[in-house]
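S.K.: Contents of model_24.tsv (TSV, C-alpha atoms and all ligand atoms) are below:
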chain	number	residue	atom	x	y	z
A	1	MET	CA	10.28	-31.52	15.76
A	2	THR	CA	7.72	-30.70	13.10
A	3	GLU	CA	4.61	-32.84	13.40
A	4	LEU	CA	4.79	-36.00	11.30
A	5	PRO	CA	1.86	-37.36	9.31
A	6	ASP	CA	-0.37	-39.90	11.03
A	7	GLY	CA	1.58	-43.13	11.67
A	8	ASP	CA	-1.49	-45.20	10.80
A	9	ARG	CA	-1.52	-43.80	7.27
A	10	ILE	CA	-0.93	-46.52	4.69
A	11	VAL	CA	2.17	-46.06	2.54
A	12	TYR	CA	3.91	-48.35	0.03
A	13	LEU	CA	7.46	-49.59	0.45
A	14	ASN	CA	9.17	-52.19	-1.72
A	15	GLY	CA	6.16	-54.31	-2.60
A	16	GLU	CA	4.11	-53.83	0.56
A	17	PHE	CA	1.37	-51.54	1.78
A	18	THR	CA	2.13	-50.79	5.40
A	19	PRO	CA	1.38	-48.15	8.09
A	20	LEU	CA	3.80	-45.23	7.86
A	21	ARG	CA	5.25	-45.98	11.29
A	22	ASP	CA	6.41	-49.42	10.08
A	23	ALA	CA	7.98	-48.22	6.81
A	24	LYS	CA	11.76	-48.34	7.39
A	25	VAL	CA	14.73	-47.93	5.04
A	26	SER	CA	18.41	-48.68	5.65
A	27	VAL	CA	20.72	-45.76	6.41
A	28	LEU	CA	22.84	-47.06	3.52
A	29	ASP	CA	20.06	-46.36	1.04
A	30	ARG	CA	21.57	-44.25	-1.72
A	31	GLY	CA	18.59	-41.95	-1.50
A	32	PHE	CA	19.71	-41.08	2.03
A	33	VAL	CA	23.46	-41.06	1.37
A	34	TYR	CA	23.56	-39.39	-2.08
A	35	GLY	CA	20.05	-38.17	-2.93
A	36	ASP	CA	20.46	-40.74	-5.71
A	37	GLY	CA	16.89	-41.17	-6.89
A	38	ALA	CA	13.98	-39.73	-8.85
A	39	TYR	CA	10.49	-38.77	-7.72
A	40	GLU	CA	7.06	-37.56	-8.75
A	41	VAL	CA	4.21	-35.67	-7.13
A	42	VAL	CA	0.79	-36.46	-8.62
A	43	PRO	CA	-2.30	-34.48	-7.60
A	44	VAL	CA	-5.47	-36.52	-7.10
A	45	TYR	CA	-8.90	-34.89	-7.41
A	46	ARG	CA	-11.85	-36.83	-5.97
A	47	ARG	CA	-9.68	-40.00	-5.95
A	48	LYS	CA	-8.74	-39.63	-9.63
A	49	PRO	CA	-5.04	-39.00	-10.37
A	50	PHE	CA	-4.64	-35.95	-12.62
A	51	ARG	CA	-2.67	-36.53	-15.85
A	52	ILE	CA	-1.19	-39.77	-14.58
A	53	ALA	CA	0.21	-40.74	-18.00
A	54	GLU	CA	2.14	-37.47	-18.20
A	55	HIS	CA	3.54	-37.88	-14.67
A	56	LEU	CA	4.65	-41.44	-15.43
A	57	ALA	CA	6.25	-40.33	-18.70
A	58	ARG	CA	8.20	-37.70	-16.76
A	59	LEU	CA	9.23	-40.29	-14.16
A	60	ALA	CA	10.59	-42.43	-17.01
A	61	HIS	CA	12.51	-39.40	-18.31
A	62	SER	CA	13.96	-38.67	-14.84
A	63	LEU	CA	14.95	-42.30	-14.26
A	64	GLY	CA	16.53	-42.47	-17.72
A	65	GLY	CA	18.41	-39.24	-16.99
A	66	ILE	CA	20.05	-40.77	-13.91
A	67	ARG	CA	20.52	-44.17	-15.59
A	68	LEU	CA	18.27	-46.00	-13.13
A	69	ALA	CA	16.15	-48.74	-14.68
A	70	ASP	CA	12.44	-48.37	-13.91
A	71	PRO	CA	11.73	-51.28	-11.51
A	72	HIS	CA	8.19	-51.86	-12.81
A	73	PRO	CA	7.05	-49.47	-15.54
A	74	GLU	CA	3.75	-51.30	-16.07
A	75	ARG	CA	2.75	-51.38	-12.38
A	76	TRP	CA	2.79	-47.71	-11.37
A	77	ALA	CA	-0.79	-46.85	-12.28
A	78	GLY	CA	-2.14	-49.87	-10.38
A	79	LEU	CA	-0.01	-49.19	-7.30
A	80	ILE	CA	-1.02	-45.53	-7.25
A	81	ALA	CA	-4.70	-46.51	-7.58
A	82	GLU	CA	-4.38	-48.86	-4.62
A	83	LEU	CA	-2.54	-46.28	-2.49
A	84	VAL	CA	-5.22	-43.69	-3.28
A	85	ALA	CA	-8.01	-46.15	-2.43
A	86	ARG	CA	-6.41	-46.82	0.97
A	87	GLN	CA	-6.50	-43.18	2.11
A	88	PRO	CA	-9.40	-41.75	4.14
A	89	PHE	CA	-9.53	-38.47	2.13
A	90	ASP	CA	-10.57	-37.76	-1.50
A	91	ASP	CA	-8.25	-35.02	-2.74
A	92	GLN	CA	-4.67	-36.21	-2.42
A	93	SER	CA	-1.07	-35.53	-3.32
A	94	VAL	CA	0.72	-38.77	-4.15
A	95	TYR	CA	4.48	-38.69	-3.62
A	96	LEU	CA	6.56	-41.50	-5.08
A	97	GLN	CA	10.27	-42.03	-5.24
A	98	VAL	CA	12.70	-44.58	-6.59
A	99	THR	CA	16.27	-44.67	-5.31
A	100	ARG	CA	19.24	-46.70	-6.49
A	101	GLY	CA	18.86	-48.93	-3.43
A	102	VAL	CA	20.95	-50.02	-0.46
A	103	ALA	CA	24.70	-50.57	-0.96
A	104	ARG	CA	28.13	-50.03	0.59
A	105	ARG	CA	28.98	-46.34	0.16
A	106	ASP	CA	30.74	-45.73	-3.14
A	107	HIS	CA	29.82	-43.02	-5.61
A	108	ALA	CA	29.73	-45.35	-8.62
A	109	PHE	CA	26.61	-47.41	-9.26
A	110	PRO	CA	26.51	-50.64	-7.21
A	111	ALA	CA	26.05	-53.89	-9.16
A	112	ASN	CA	22.92	-56.04	-8.72
A	113	VAL	CA	21.10	-53.77	-6.29
A	114	THR	CA	17.32	-53.60	-6.10
A	115	PRO	CA	15.96	-50.04	-6.25
A	116	THR	CA	13.98	-48.79	-3.26
A	117	VAL	CA	10.42	-47.79	-4.13
A	118	PHE	CA	8.46	-45.63	-1.70
A	119	MET	CA	5.04	-44.02	-2.11
A	120	MET	CA	2.83	-42.03	0.25
A	121	SER	CA	-0.23	-39.88	-0.16
A	122	ASN	CA	-1.08	-36.74	1.78
A	123	PRO	CA	-4.21	-34.59	1.72
A	124	LEU	CA	-3.90	-32.21	-1.24
A	125	ALA	CA	-3.08	-28.80	0.27
A	126	LEU	CA	-4.15	-26.34	-2.41
A	127	PRO	CA	-3.65	-22.55	-2.07
A	128	THR	CA	-6.07	-20.84	0.25
A	129	ARG	CA	-8.95	-18.75	-1.08
A	130	GLU	CA	-7.08	-15.66	0.10
A	131	GLN	CA	-3.95	-16.65	-1.84
A	132	VAL	CA	-6.01	-17.17	-4.98
A	133	GLU	CA	-7.90	-13.89	-4.58
A	134	ARG	CA	-5.04	-11.65	-3.46
A	135	GLY	CA	-2.06	-13.31	-5.06
A	136	VAL	CA	1.22	-14.22	-3.37
A	137	ARG	CA	4.61	-12.77	-2.61
A	138	VAL	CA	7.84	-14.00	-4.25
A	139	ILE	CA	11.44	-12.93	-4.16
A	140	THR	CA	14.00	-13.28	-6.95
A	141	ALA	CA	17.49	-14.80	-7.00
A	142	GLN	CA	20.17	-16.11	-9.33
A	143	ASP	CA	19.56	-19.72	-10.28
A	144	THR	CA	22.58	-21.51	-8.82
A	145	ARG	CA	21.30	-25.08	-9.30
A	146	TRP	CA	22.86	-27.68	-11.57
A	147	LEU	CA	22.22	-27.98	-15.31
A	148	HIS	CA	19.82	-30.95	-15.26
A	149	CYS	CA	16.79	-29.20	-13.83
A	150	ASP	CA	14.59	-31.15	-16.26
A	151	LEU	CA	15.12	-34.24	-14.09
A	152	LYS	CA	12.84	-34.58	-11.07
A	153	VAL	CA	15.47	-36.02	-8.74
A	154	THR	CA	15.62	-36.33	-4.97
A	155	SER	CA	18.92	-34.38	-4.72
A	156	LEU	CA	16.98	-31.21	-4.00
A	157	VAL	CA	19.27	-29.19	-1.76
A	158	GLY	CA	19.60	-26.45	-4.43
A	159	ASN	CA	15.81	-26.11	-4.50
A	160	VAL	CA	15.59	-26.42	-0.72
A	161	LEU	CA	17.95	-23.45	-0.25
A	162	MET	CA	15.96	-21.40	-2.73
A	163	ARG	CA	12.67	-22.19	-1.02
A	164	GLN	CA	14.09	-21.36	2.40
A	165	LEU	CA	15.31	-18.01	1.05
A	166	ALA	CA	11.67	-17.30	0.15
A	167	VAL	CA	10.47	-18.33	3.62
A	168	ASP	CA	13.17	-16.14	5.22
A	169	HIS	CA	11.64	-13.20	3.35
A	170	GLY	CA	8.01	-14.06	4.14
A	171	ALA	CA	7.46	-15.14	0.52
A	172	VAL	CA	5.99	-18.32	-0.95
A	173	GLU	CA	8.56	-18.83	-3.69
A	174	THR	CA	11.90	-17.73	-5.09
A	175	VAL	CA	11.73	-16.94	-8.80
A	176	MET	CA	15.09	-17.63	-10.42
A	177	PHE	CA	17.08	-16.18	-13.29
A	178	ARG	CA	20.10	-17.72	-15.02
A	179	ASN	CA	22.34	-15.59	-17.25
A	180	GLY	CA	19.70	-12.88	-17.32
A	181	TYR	CA	16.79	-15.17	-18.28
A	182	LEU	CA	13.83	-16.49	-16.30
A	183	THR	CA	14.04	-20.18	-15.41
A	184	GLU	CA	11.49	-21.28	-12.77
A	185	ALA	CA	10.83	-21.13	-9.02
A	186	SER	CA	12.08	-23.48	-6.30
A	187	ALA	CA	9.11	-25.86	-6.65
A	188	SER	CA	6.98	-24.36	-9.41
A	189	ASN	CA	7.13	-23.10	-12.98
A	190	VAL	CA	6.78	-19.41	-13.76
A	191	LEU	CA	4.66	-17.89	-16.53
A	192	ILE	CA	4.18	-14.23	-17.39
A	193	VAL	CA	1.47	-12.28	-19.21
A	194	ARG	CA	2.23	-9.57	-21.76
A	195	ASP	CA	-0.28	-7.79	-23.94
A	196	GLY	CA	-3.01	-10.24	-22.95
A	197	GLY	CA	-1.04	-13.40	-23.81
A	198	ILE	CA	0.97	-15.93	-21.77
A	199	VAL	CA	4.71	-16.27	-22.29
A	200	ALA	CA	6.78	-18.96	-20.59
A	201	PRO	CA	10.35	-20.28	-20.91
A	202	PRO	CA	10.96	-23.37	-23.04
A	203	LYS	CA	11.10	-26.82	-21.45
A	204	ASP	CA	14.84	-27.28	-21.82
A	205	ASN	CA	17.42	-28.58	-19.32
A	206	LEU	CA	17.06	-25.46	-17.15
A	207	ILE	CA	13.53	-26.08	-15.88
A	208	LEU	CA	11.32	-28.95	-14.81
A	209	PRO	CA	8.82	-29.74	-17.57
A	210	GLY	CA	5.78	-29.05	-15.42
A	211	ILE	CA	2.61	-31.04	-15.94
A	212	THR	CA	0.63	-28.05	-14.62
A	213	TYR	CA	2.56	-25.73	-16.99
A	214	ASP	CA	1.30	-27.86	-19.90
A	215	ALA	CA	-2.22	-28.01	-18.47
A	216	THR	CA	-2.22	-24.21	-18.02
A	217	PHE	CA	-1.16	-23.70	-21.64
A	218	GLN	CA	-3.88	-26.04	-22.79
A	219	VAL	CA	-6.71	-24.44	-20.84
A	220	ALA	CA	-5.48	-20.96	-21.77
A	221	LYS	CA	-5.50	-21.77	-25.48
A	222	ALA	CA	-8.94	-23.38	-25.20
A	223	ALA	CA	-10.16	-20.20	-23.46
A	224	GLY	CA	-8.84	-18.10	-26.35
A	225	VAL	CA	-5.79	-16.71	-24.52
A	226	PRO	CA	-2.69	-16.54	-26.76
A	227	ALA	CA	0.24	-18.53	-25.36
A	228	GLU	CA	3.83	-18.48	-26.49
A	229	ILE	CA	6.93	-20.41	-25.43
A	230	ARG	CA	10.22	-18.55	-25.66
A	231	ALA	CA	13.08	-17.25	-23.52
A	232	VAL	CA	12.00	-14.45	-21.13
A	233	SER	CA	14.63	-11.90	-20.12
A	234	HIS	CA	14.88	-10.52	-16.58
A	235	ALA	CA	13.69	-7.12	-17.83
A	236	GLU	CA	10.71	-8.62	-19.62
A	237	ALA	CA	9.71	-10.72	-16.59
A	238	MET	CA	10.00	-7.84	-14.15
A	239	GLY	CA	8.06	-5.52	-16.48
A	240	ALA	CA	5.32	-8.05	-17.28
A	241	ASP	CA	1.62	-7.30	-16.75
A	242	GLU	CA	1.14	-10.49	-14.70
A	243	MET	CA	3.30	-13.24	-13.26
A	244	TRP	CA	2.00	-16.69	-12.28
A	245	LEU	CA	3.33	-19.78	-10.55
A	246	SER	CA	2.20	-23.25	-11.60
A	247	SER	CA	2.59	-26.61	-9.89
A	248	SER	CA	0.67	-29.73	-8.95
A	249	THR	CA	-0.04	-28.39	-5.47
A	250	LYS	CA	-0.44	-24.67	-6.36
A	251	GLU	CA	-2.39	-25.20	-9.60
A	252	VAL	CA	-2.01	-21.71	-11.07
A	253	LEU	CA	-1.42	-18.85	-8.67
A	254	ALA	CA	-0.92	-15.12	-9.29
A	255	VAL	CA	2.18	-13.31	-8.01
A	256	THR	CA	1.30	-9.84	-6.74
A	257	THR	CA	4.44	-8.85	-4.81
A	258	VAL	CA	8.00	-9.28	-6.09
A	259	ASP	CA	10.98	-8.38	-3.90
A	260	ASP	CA	8.72	-6.41	-1.54
A	261	ALA	CA	7.20	-4.23	-4.28
A	262	PRO	CA	3.72	-4.61	-5.81
A	263	PHE	CA	3.82	-6.42	-9.12
A	264	GLY	CA	1.67	-5.24	-12.04
A	265	ASN	CA	-1.24	-3.46	-10.38
A	266	GLY	CA	-0.74	-5.46	-7.17
A	267	THR	CA	-3.78	-7.73	-7.63
A	268	PRO	CA	-4.31	-10.92	-9.67
A	269	GLY	CA	-4.80	-9.78	-13.27
A	270	PRO	CA	-7.69	-10.35	-15.67
A	271	VAL	CA	-5.89	-13.05	-17.68
A	272	PHE	CA	-5.13	-14.94	-14.47
A	273	ARG	CA	-8.77	-14.85	-13.40
A	274	ARG	CA	-9.89	-16.22	-16.76
A	275	VAL	CA	-7.35	-19.03	-16.84
A	276	TRP	CA	-7.83	-19.91	-13.15
A	277	GLU	CA	-11.58	-20.33	-13.76
A	278	ALA	CA	-10.91	-22.44	-16.86
A	279	PHE	CA	-8.45	-24.57	-14.88
A	280	GLN	CA	-11.01	-25.20	-12.12
A	281	ALA	CA	-13.61	-26.22	-14.70
A	282	MET	CA	-11.15	-28.60	-16.42
A	283	LYS	CA	-9.59	-30.36	-13.43
B	1	LIG	N1	7.21	-29.58	-7.55
B	1	LIG	N2	9.58	-26.81	-11.06
B	1	LIG	C1	10.05	-27.42	-9.96
B	1	LIG	C2	11.46	-27.19	-9.56
B	1	LIG	C3	9.21	-28.26	-9.21
B	1	LIG	O1	9.68	-28.87	-8.11
B	1	LIG	C4	7.85	-28.42	-9.61
B	1	LIG	C5	6.89	-29.29	-8.85
B	1	LIG	C6	7.41	-27.76	-10.77
B	1	LIG	C7	6.00	-27.91	-11.28
B	1	LIG	O2	5.77	-29.20	-11.84
B	1	LIG	P1	4.31	-29.85	-11.83
B	1	LIG	O3	3.40	-28.87	-12.47
B	1	LIG	O4	4.46	-31.06	-12.66
B	1	LIG	O5	3.93	-30.11	-10.42
B	1	LIG	C8	8.30	-26.96	-11.47
B	1	LIG	C9	6.46	-30.56	-6.82
B	1	LIG	C10	5.02	-30.22	-6.61
B	1	LIG	C11	7.21	-30.90	-5.54
B	1	LIG	O6	8.42	-31.11	-5.66
B	1	LIG	O7	6.61	-31.01	-4.48
Let's see the structure in the file written out as structure tokens.
M.R.:
Amino acid sequence: MTELPDGDRIVYLNGEFTPLRDAKVSVLDRGFVYGDGAYEVVPVYRRKPFRIAEHLARLAHSLGGIRLADPHPERWAGLIAELVARQPFDDQSVYLQVTRGVARRDHAFPANVTPTVFMMSNPLALPTREQVERGVRVITAQDTRWLHCDLKVTSLVGNVLMRQLAVDHGAVETVMFRNGYLTEASASNVLIVRDGGIVAPPKDNLILPGITYDATFQVAKAAGVPAEIRAVSHAEAMGADEMWLSSSTKEVLAVTTVDDAPFGNGTPGPVFRRVWEAFQAMK
């Protein structure tokens, strides 16, 4: 079995802070039985959650999208602050999830059930120096997931299969295309660079509206890099000067190998270097 995090680590479950080893959920939890829940991953730099308001707004959007009432909209920031304070490390990755709760198995929503709320925080595992300096390898595939990819929900088997495909090929991500257009990767957004400017697909139902995607656009614009949001065809993506991944745990990362062939000139491009530096200064 893969090594589990330290059992002494303090997590939050349904109103209580408790060591991980004591946090237990019923096998009838709809998160377990149906993947019926929503989640967030919030990066924390030097004990300060990054763009917390934006993450909580997206959680509200995801919960609304699956018709699950937010159990305590006004308490999230305080609970996250307490969880962060209880960890022995400064840079963290807070994971939180809300499921529809414990009920007799039936697809339809159960009546009068209390949602399950779980939160944990792990050390923030950012890309290695080598990954930043040399770029990473991705493969490409058809996007076969459902049509509500804007919702950050715990039913992730579509993304899990895509990520495993990448691992099977010694790559860090699978970059997906739907009907000939770029969508995103299994756990990150994808941006390209053309003629010195960033282009990325619109935040519609086909991609997760990434908080890092927004942050990248912001720092790029502030650094004087043109940035445009529009549909990106397969041909345009594959012929781009640069390709980047963005996510809370990858920040912004250059892709230098696609489907076993060097991408662009095979090293992180000049626009990436500029925006990566600006991102580090901003975070
Ligand atoms: N994943 N697209 C998908 C499918 C994702 O799962 C993620 C993040 C992103 C990037 O979103 P953000 O910039 O807000 O992290 C895009 C997180 C990190 C995860 O599931 O672990």
S.K.: What is the CA of Gln87 in chain A-CA of Asp29 in chain A distance in Å, reported with one decimal?
M.R.: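 So the two atoms, CA of Gln87 in chain A and CA of Asp29 in chain A, lie 26.8 Å apart.
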S.K.: Would you list the residues that come within 6 Å of ligand LIG 1 (chain B)? Count only C-alpha atoms and all ligand atoms and give the answer as number ranges by chain.
M.R.: A: 41, 186-189, 208, 210-213, 246-249
S.K.: Could you tell me which of A:Pro226, A:Pro123, A:Gly197, A:Pro209 comes closest to His148 in chain A if we count all atoms listed in the file?
M.R.: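 Ranked by minimum distance to His148 in chain A, first place goes to A:Pro209.
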S.K.: Suppose you want the space between CA of Arg100 in chain A and CA of Asp36 in chain A; what is it in Å?
M.R.: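 Atom-to-atom, CA of Arg100 in chain A and CA of Asp36 in chain A are spaced 6.1 Å apart.
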S.K.: Give me the residues near Asn159 in chain A as a PyMOL selection string, where near means some atom within 10 Å (using all atoms listed in the file) and where sequence neighbours in that chain fewer than 3 positions away do not count.
M.R.: chain A and resi 143-145+149+155-156+162-165+174+185-187
S.K.: Quote the spacing between CA of Pro268 in chain A and CA of Phe50 in chain A in Å to one decimal place.
M.R.: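 That distance, rounded to one decimal, is 25.2 Å.
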S.K.: Please supply range 91-102 of chain A, rebuilt with all heavy atoms, as an mmCIF file, in the coordinates of the input.
M.R.:
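The result, stored in out10.cif:
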data_model
loop_
_atom_site.group_PDB
_atom_site.id
_atom_site.type_symbol
_atom_site.label_atom_id
_atom_site.label_comp_id
_atom_site.auth_asym_id
_atom_site.auth_seq_id
_atom_site.Cartn_x
_atom_site.Cartn_y
_atom_site.Cartn_z
ATOM 1 N N ASP A 91 -9.213 -35.786 -1.960
ATOM 2 C CA ASP A 91 -8.250 -35.020 -2.740
ATOM 3 C C ASP A 91 -6.869 -35.242 -2.148
ATOM 4 O O ASP A 91 -6.644 -34.987 -0.956
ATOM 5 C CB ASP A 91 -8.603 -33.525 -2.722
ATOM 6 C CG ASP A 91 -9.888 -33.250 -3.494
ATOM 7 O OD1 ASP A 91 -10.296 -34.101 -4.310
ATOM 8 O OD2 ASP A 91 -10.481 -32.177 -3.273
ATOM 9 N N GLN A 92 -5.952 -35.734 -2.956
ATOM 10 C CA GLN A 92 -4.670 -36.210 -2.420
ATOM 11 C C GLN A 92 -3.493 -35.674 -3.230
ATOM 12 O O GLN A 92 -3.643 -35.173 -4.350
ATOM 13 C CB GLN A 92 -4.636 -37.747 -2.456
ATOM 14 C CG GLN A 92 -5.818 -38.381 -1.755
ATOM 15 C CD GLN A 92 -5.779 -39.912 -1.755
ATOM 16 O OE1 GLN A 92 -4.723 -40.525 -1.946
ATOM 17 N NE2 GLN A 92 -6.932 -40.521 -1.539
ATOM 18 N N SER A 93 -2.319 -35.847 -2.638
ATOM 19 C CA SER A 93 -1.070 -35.530 -3.320
ATOM 20 C C SER A 93 -0.198 -36.774 -3.152
ATOM 21 O O SER A 93 0.284 -37.057 -2.054
ATOM 22 C CB SER A 93 -0.472 -34.307 -2.640
ATOM 23 O OG SER A 93 0.839 -34.127 -3.034
ATOM 24 N N VAL A 94 -0.069 -37.536 -4.215
ATOM 25 C CA VAL A 94 0.720 -38.770 -4.150
ATOM 26 C C VAL A 94 2.193 -38.418 -4.394
ATOM 27 O O VAL A 94 2.525 -37.741 -5.361
ATOM 28 C CB VAL A 94 0.245 -39.799 -5.197
ATOM 29 C CG1 VAL A 94 1.239 -40.953 -5.318
ATOM 30 C CG2 VAL A 94 -1.138 -40.322 -4.838
ATOM 31 N N TYR A 95 3.026 -38.852 -3.473
ATOM 32 C CA TYR A 95 4.480 -38.690 -3.620
ATOM 33 C C TYR A 95 5.063 -40.070 -3.860
ATOM 34 O O TYR A 95 4.758 -41.018 -3.123
ATOM 35 C CB TYR A 95 5.069 -38.106 -2.325
ATOM 36 C CG TYR A 95 6.589 -38.054 -2.358
ATOM 37 C CD1 TYR A 95 7.247 -36.973 -2.920
ATOM 38 C CD2 TYR A 95 7.351 -39.115 -1.859
ATOM 39 C CE1 TYR A 95 8.638 -36.939 -2.987
ATOM 40 C CE2 TYR A 95 8.740 -39.082 -1.928
ATOM 41 C CZ TYR A 95 9.368 -37.993 -2.491
ATOM 42 O OH TYR A 95 10.737 -37.960 -2.568
ATOM 43 N N LEU A 96 5.892 -40.217 -4.886
ATOM 44 C CA LEU A 96 6.560 -41.500 -5.080
ATOM 45 C C LEU A 96 8.020 -41.260 -5.408
ATOM 46 O O LEU A 96 8.383 -40.268 -6.030
ATOM 47 C CB LEU A 96 5.873 -42.327 -6.169
ATOM 48 C CG LEU A 96 5.897 -41.822 -7.593
ATOM 49 C CD1 LEU A 96 7.102 -42.357 -8.352
ATOM 50 C CD2 LEU A 96 4.620 -42.255 -8.298
ATOM 51 N N GLN A 97 8.852 -42.168 -4.911
ATOM 52 C CA GLN A 97 10.270 -42.030 -5.240
ATOM 53 C C GLN A 97 10.918 -43.398 -5.439
ATOM 54 O O GLN A 97 10.514 -44.396 -4.851
ATOM 55 C CB GLN A 97 11.026 -41.228 -4.181
ATOM 56 C CG GLN A 97 11.298 -41.933 -2.875
ATOM 57 C CD GLN A 97 12.331 -41.172 -2.041
ATOM 58 O OE1 GLN A 97 12.195 -39.976 -1.831
ATOM 59 N NE2 GLN A 97 13.336 -41.851 -1.562
ATOM 60 N N VAL A 98 11.900 -43.392 -6.323
ATOM 61 C CA VAL A 98 12.700 -44.580 -6.590
ATOM 62 C C VAL A 98 14.148 -44.201 -6.357
ATOM 63 O O VAL A 98 14.618 -43.202 -6.908
ATOM 64 C CB VAL A 98 12.573 -45.029 -8.071
ATOM 65 C CG1 VAL A 98 13.332 -46.333 -8.296
ATOM 66 C CG2 VAL A 98 11.123 -45.176 -8.480
ATOM 67 N N THR A 99 14.841 -44.953 -5.493
ATOM 68 C CA THR A 99 16.270 -44.670 -5.310
ATOM 69 C C THR A 99 17.082 -45.860 -5.822
ATOM 70 O O THR A 99 16.537 -46.923 -6.111
ATOM 71 C CB THR A 99 16.647 -44.414 -3.839
ATOM 72 O OG1 THR A 99 16.744 -45.672 -3.157
ATOM 73 C CG2 THR A 99 15.644 -43.513 -3.144
ATOM 74 N N ARG A 100 18.391 -45.645 -5.929
ATOM 75 C CA ARG A 100 19.240 -46.700 -6.490
ATOM 76 C C ARG A 100 19.456 -47.847 -5.501
ATOM 77 O O ARG A 100 20.163 -48.779 -5.792
ATOM 78 C CB ARG A 100 20.583 -46.115 -6.972
ATOM 79 C CG ARG A 100 21.136 -46.860 -8.186
ATOM 80 C CD ARG A 100 22.426 -46.249 -8.717
ATOM 81 N NE ARG A 100 22.302 -44.864 -9.107
ATOM 82 C CZ ARG A 100 21.899 -44.444 -10.320
ATOM 83 N NH1 ARG A 100 21.618 -45.309 -11.258
ATOM 84 N NH2 ARG A 100 21.794 -43.148 -10.582
ATOM 85 N N GLY A 101 18.850 -47.788 -4.338
ATOM 86 C CA GLY A 101 18.860 -48.930 -3.430
ATOM 87 C C GLY A 101 19.926 -48.858 -2.360
ATOM 88 O O GLY A 101 20.585 -47.829 -2.163
ATOM 89 N N VAL A 102 20.086 -49.946 -1.644
ATOM 90 C CA VAL A 102 20.950 -50.020 -0.460
ATOM 91 C C VAL A 102 22.272 -50.688 -0.867
ATOM 92 O O VAL A 102 22.274 -51.782 -1.427
ATOM 93 C CB VAL A 102 20.273 -50.856 0.644
ATOM 94 C CG1 VAL A 102 21.187 -50.991 1.865
ATOM 95 C CG2 VAL A 102 18.939 -50.220 1.037
#
